[in-house]
Amino acid sequence: MERNVRHRRREIDLVVRRGTMVAFVEVKGRRGGEKGDPLEAITARKRREIEAVARWWVARHGREGELYRFDAVAVRASRRGAVAVEHVEGAWFLGE
């Protein structure tokens with residue numbers, strides 16, 4: 001539905017829909033593993049920021065009957081160029 005949704009200084013990478021489910025998606029990538037796992041980079045602070053933008057988005061665009069969740073996508077690239085993508089549906093819930 002949307003990419004790089006901004007509200008004030010905060011951002012959601014993707015807003016996607018399947019049926020009545022709307023997912024707010026954070027995408028993190030790492031190359032070579034030097035900086036740890038990309039999913040570990042989605043800290044509690046980052047989740048709160050995404051949740052704030054999601055609340056704003058729902059107030060403006062939400063529809064009756066929609067369900068909402070927060071997903072995470074990890075993109076891991078090896079030094080040789082191999083890429084692995086992991087999609088975690090329901091990675092966290094409001095206020096976690």
# chains A, B, ... in the order shown; residues from 1 in each chain; ligands from 1
$ residues_around --residues "Lys46 in chain A" --least-positions-apart "5" --cutoff "10 Å" --atoms "only C-alpha atoms" --output "PyMOL selection string"
chain A and resi 10-11+26+41+51-52
$ write_last_selection --atoms "C-alpha atoms" --output "CSV table (one decimal), in the first residue's frame"
chain,number,residue,atom,x,y,z
A,10,ARG,CA,9.6,8.7,12.5
A,11,GLU,CA,9.1,6.2,9.7
A,26,GLU,CA,10.2,-2.8,9.5
A,41,ALA,CA,18.4,-4.0,15.5
A,51,GLU,CA,3.9,2.1,16.7
A,52,ALA,CA,3.5,5.9,17.0
$ residues_around --residues "Trp56 in chain A" --least-positions-apart "4" --cutoff "12 Å" --atoms "only C-alpha atoms" --output "list in words"
Val5, Arg6, His7, Arg8, Arg10, Glu11, Ile12, Phe24, Glu49, Ile50, Glu51, Ala52, Arg60, His61 and Gly62 of chain A
$ residues_around --residues "Phe93 in chain A" --least-positions-apart "6" --cutoff "12 Å" --atoms "only C-alpha atoms" --output "MDAnalysis selection string"
chainID A and resid 23:24 44 47:48 50:51 54 67:72
$ residues_around --residues "Gly65 in chain A" --least-positions-apart "4" --cutoff "12 Å" --atoms "only C-alpha atoms" --output "list in words"
Gly19, Thr20, Met21, Val22 and Val58 of chain A
$ residues_around --residues "Pro38 in chain A" --least-positions-apart "5" --cutoff "6 Å" --atoms "only C-alpha atoms" --output "count of residues only"
4
$ atom_distance --atom1 "CA of Glu2 in chain A" --atom2 "CA of Ala82 in chain A"
27.6 Å
$ select_by_dssp --residues "chain A" --states "strand (DSSP E)" --output "count of residues only"
47
$ select_by_dssp --residues "chain A" --states "alpha helix (DSSP H)" --output "PyMOL selection string"
chain A and resi 44-61
$ atom_distance --atom1 "CA of Arg31 in chain A" --atom2 "CA of Arg80 in chain A"
9.8 Å
$ atom_distance --atom1 "CA of Arg79 in chain A" --atom2 "CA of Glu40 in chain A"
19.7 Å
$ decode --residues "range 25-60 of chain A" --atoms "N, CA and C atoms" --output "PDB file, in the first residue's frame"
ATOM      1  N   VAL A  25       5.509  -2.876   8.501  1.00  0.00           N
ATOM      2  CA  VAL A  25       6.685  -3.719   8.331  1.00  0.00           C
ATOM      3  C   VAL A  25       7.968  -2.912   8.478  1.00  0.00           C
ATOM      4  N   GLU A  26       8.849  -3.387   9.336  1.00  0.00           N
ATOM      5  CA  GLU A  26      10.193  -2.835   9.470  1.00  0.00           C
ATOM      6  C   GLU A  26      11.162  -3.764   8.753  1.00  0.00           C
ATOM      7  N   VAL A  27      11.977  -3.211   7.872  1.00  0.00           N
ATOM      8  CA  VAL A  27      12.949  -3.982   7.101  1.00  0.00           C
ATOM      9  C   VAL A  27      14.345  -3.599   7.579  1.00  0.00           C
ATOM     10  N   LYS A  28      15.136  -4.601   7.957  1.00  0.00           N
ATOM     11  CA  LYS A  28      16.515  -4.375   8.393  1.00  0.00           C
ATOM     12  C   LYS A  28      17.433  -5.302   7.633  1.00  0.00           C
ATOM     13  N   GLY A  29      18.564  -4.780   7.227  1.00  0.00           N
ATOM     14  CA  GLY A  29      19.520  -5.587   6.492  1.00  0.00           C
ATOM     15  C   GLY A  29      20.904  -5.514   7.103  1.00  0.00           C
ATOM     16  N   ARG A  30      21.657  -6.585   6.915  1.00  0.00           N
ATOM     17  CA  ARG A  30      23.047  -6.648   7.364  1.00  0.00           C
ATOM     18  C   ARG A  30      23.859  -7.409   6.328  1.00  0.00           C
ATOM     19  N   ARG A  31      25.088  -6.983   6.168  1.00  0.00           N
ATOM     20  CA  ARG A  31      25.998  -7.646   5.246  1.00  0.00           C
ATOM     21  C   ARG A  31      27.152  -8.255   6.039  1.00  0.00           C
ATOM     22  N   GLY A  32      27.382  -9.529   5.850  1.00  0.00           N
ATOM     23  CA  GLY A  32      28.536 -10.185   6.440  1.00  0.00           C
ATOM     24  C   GLY A  32      28.444 -10.504   7.915  1.00  0.00           C
ATOM     25  N   GLY A  33      27.428 -10.083   8.594  1.00  0.00           N
ATOM     26  CA  GLY A  33      27.240 -10.424   9.999  1.00  0.00           C
ATOM     27  C   GLY A  33      28.059  -9.621  10.986  1.00  0.00           C
ATOM     28  N   GLU A  34      28.778  -8.585  10.522  1.00  0.00           N
ATOM     29  CA  GLU A  34      29.636  -7.826  11.433  1.00  0.00           C
ATOM     30  C   GLU A  34      28.867  -7.056  12.503  1.00  0.00           C
ATOM     31  N   LYS A  35      27.706  -6.606  12.175  1.00  0.00           N
ATOM     32  CA  LYS A  35      26.948  -5.770  13.114  1.00  0.00           C
ATOM     33  C   LYS A  35      25.832  -6.539  13.791  1.00  0.00           C
ATOM     34  N   GLY A  36      25.886  -7.851  13.799  1.00  0.00           N
ATOM     35  CA  GLY A  36      24.866  -8.652  14.450  1.00  0.00           C
ATOM     36  C   GLY A  36      23.697  -8.955  13.535  1.00  0.00           C
ATOM     37  N   ASP A  37      22.719  -9.594  14.101  1.00  0.00           N
ATOM     38  CA  ASP A  37      21.541  -9.993  13.342  1.00  0.00           C
ATOM     39  C   ASP A  37      20.637  -8.785  13.099  1.00  0.00           C
ATOM     40  N   PRO A  38      20.081  -8.663  11.910  1.00  0.00           N
ATOM     41  CA  PRO A  38      19.229  -7.501  11.640  1.00  0.00           C
ATOM     42  C   PRO A  38      18.006  -7.412  12.547  1.00  0.00           C
ATOM     43  N   LEU A  39      17.448  -8.534  12.958  1.00  0.00           N
ATOM     44  CA  LEU A  39      16.263  -8.479  13.823  1.00  0.00           C
ATOM     45  C   LEU A  39      16.590  -7.895  15.194  1.00  0.00           C
ATOM     46  N   GLU A  40      17.825  -8.075  15.647  1.00  0.00           N
ATOM     47  CA  GLU A  40      18.235  -7.504  16.932  1.00  0.00           C
ATOM     48  C   GLU A  40      18.293  -5.980  16.883  1.00  0.00           C
ATOM     49  N   ALA A  41      18.379  -5.423  15.684  1.00  0.00           N
ATOM     50  CA  ALA A  41      18.442  -3.967  15.527  1.00  0.00           C
ATOM     51  C   ALA A  41      17.074  -3.306  15.699  1.00  0.00           C
ATOM     52  N   ILE A  42      16.016  -4.091  15.766  1.00  0.00           N
ATOM     53  CA  ILE A  42      14.677  -3.530  15.993  1.00  0.00           C
ATOM     54  C   ILE A  42      14.464  -3.499  17.503  1.00  0.00           C
ATOM     55  N   THR A  43      14.989  -2.463  18.103  1.00  0.00           N
ATOM     56  CA  THR A  43      14.984  -2.309  19.552  1.00  0.00           C
ATOM     57  C   THR A  43      13.606  -1.897  20.062  1.00  0.00           C
ATOM     58  N   ALA A  44      13.445  -1.905  21.372  1.00  0.00           N
ATOM     59  CA  ALA A  44      12.188  -1.462  21.978  1.00  0.00           C
ATOM     60  C   ALA A  44      11.897  -0.017  21.590  1.00  0.00           C
ATOM     61  N   ARG A  45      12.915   0.820  21.547  1.00  0.00           N
ATOM     62  CA  ARG A  45      12.722   2.221  21.146  1.00  0.00           C
ATOM     63  C   ARG A  45      12.231   2.306  19.705  1.00  0.00           C
ATOM     64  N   LYS A  46      12.848   1.536  18.808  1.00  0.00           N
ATOM     65  CA  LYS A  46      12.437   1.541  17.407  1.00  0.00           C
ATOM     66  C   LYS A  46      10.999   1.048  17.266  1.00  0.00           C
ATOM     67  N   ARG A  47      10.632   0.005  18.021  1.00  0.00           N
ATOM     68  CA  ARG A  47       9.248  -0.496  17.976  1.00  0.00           C
ATOM     69  C   ARG A  47       8.264   0.578  18.418  1.00  0.00           C
ATOM     70  N   ARG A  48       8.587   1.307  19.475  1.00  0.00           N
ATOM     71  CA  ARG A  48       7.696   2.385  19.940  1.00  0.00           C
ATOM     72  C   ARG A  48       7.537   3.466  18.869  1.00  0.00           C
ATOM     73  N   GLU A  49       8.618   3.803  18.174  1.00  0.00           N
ATOM     74  CA  GLU A  49       8.537   4.797  17.111  1.00  0.00           C
ATOM     75  C   GLU A  49       7.639   4.314  15.974  1.00  0.00           C
ATOM     76  N   ILE A  50       7.790   3.053  15.586  1.00  0.00           N
ATOM     77  CA  ILE A  50       6.956   2.476  14.527  1.00  0.00           C
ATOM     78  C   ILE A  50       5.497   2.458  14.968  1.00  0.00           C
ATOM     79  N   GLU A  51       5.252   2.095  16.216  1.00  0.00           N
ATOM     80  CA  GLU A  51       3.886   2.069  16.747  1.00  0.00           C
ATOM     81  C   GLU A  51       3.255   3.458  16.714  1.00  0.00           C
ATOM     82  N   ALA A  52       4.026   4.493  17.004  1.00  0.00           N
ATOM     83  CA  ALA A  52       3.494   5.862  16.975  1.00  0.00           C
ATOM     84  C   ALA A  52       3.063   6.229  15.558  1.00  0.00           C
ATOM     85  N   VAL A  53       3.869   5.888  14.569  1.00  0.00           N
ATOM     86  CA  VAL A  53       3.500   6.173  13.182  1.00  0.00           C
ATOM     87  C   VAL A  53       2.283   5.334  12.782  1.00  0.00           C
ATOM     88  N   ALA A  54       2.240   4.090  13.236  1.00  0.00           N
ATOM     89  CA  ALA A  54       1.099   3.220  12.919  1.00  0.00           C
ATOM     90  C   ALA A  54      -0.200   3.790  13.485  1.00  0.00           C
ATOM     91  N   ARG A  55      -0.165   4.279  14.703  1.00  0.00           N
ATOM     92  CA  ARG A  55      -1.371   4.888  15.285  1.00  0.00           C
ATOM     93  C   ARG A  55      -1.825   6.091  14.450  1.00  0.00           C
ATOM     94  N   TRP A  56      -0.875   6.918  14.052  1.00  0.00           N
ATOM     95  CA  TRP A  56      -1.185   8.067  13.206  1.00  0.00           C
ATOM     96  C   TRP A  56      -1.788   7.602  11.885  1.00  0.00           C
ATOM     97  N   TRP A  57      -1.179   6.567  11.259  1.00  0.00           N
ATOM     98  CA  TRP A  57      -1.662   6.061   9.977  1.00  0.00           C
ATOM     99  C   TRP A  57      -3.086   5.516  10.110  1.00  0.00           C
ATOM    100  N   VAL A  58      -3.349   4.740  11.163  1.00  0.00           N
ATOM    101  CA  VAL A  58      -4.681   4.166  11.363  1.00  0.00           C
ATOM    102  C   VAL A  58      -5.712   5.287  11.550  1.00  0.00           C
ATOM    103  N   ALA A  59      -5.365   6.316  12.289  1.00  0.00           N
ATOM    104  CA  ALA A  59      -6.295   7.438  12.492  1.00  0.00           C
ATOM    105  C   ALA A  59      -6.648   8.112  11.167  1.00  0.00           C
ATOM    106  N   ARG A  60      -5.726   8.154  10.236  1.00  0.00           N
ATOM    107  CA  ARG A  60      -5.963   8.808   8.949  1.00  0.00           C
ATOM    108  C   ARG A  60      -6.549   7.883   7.894  1.00  0.00           C
TER     109      ARG A  60
END
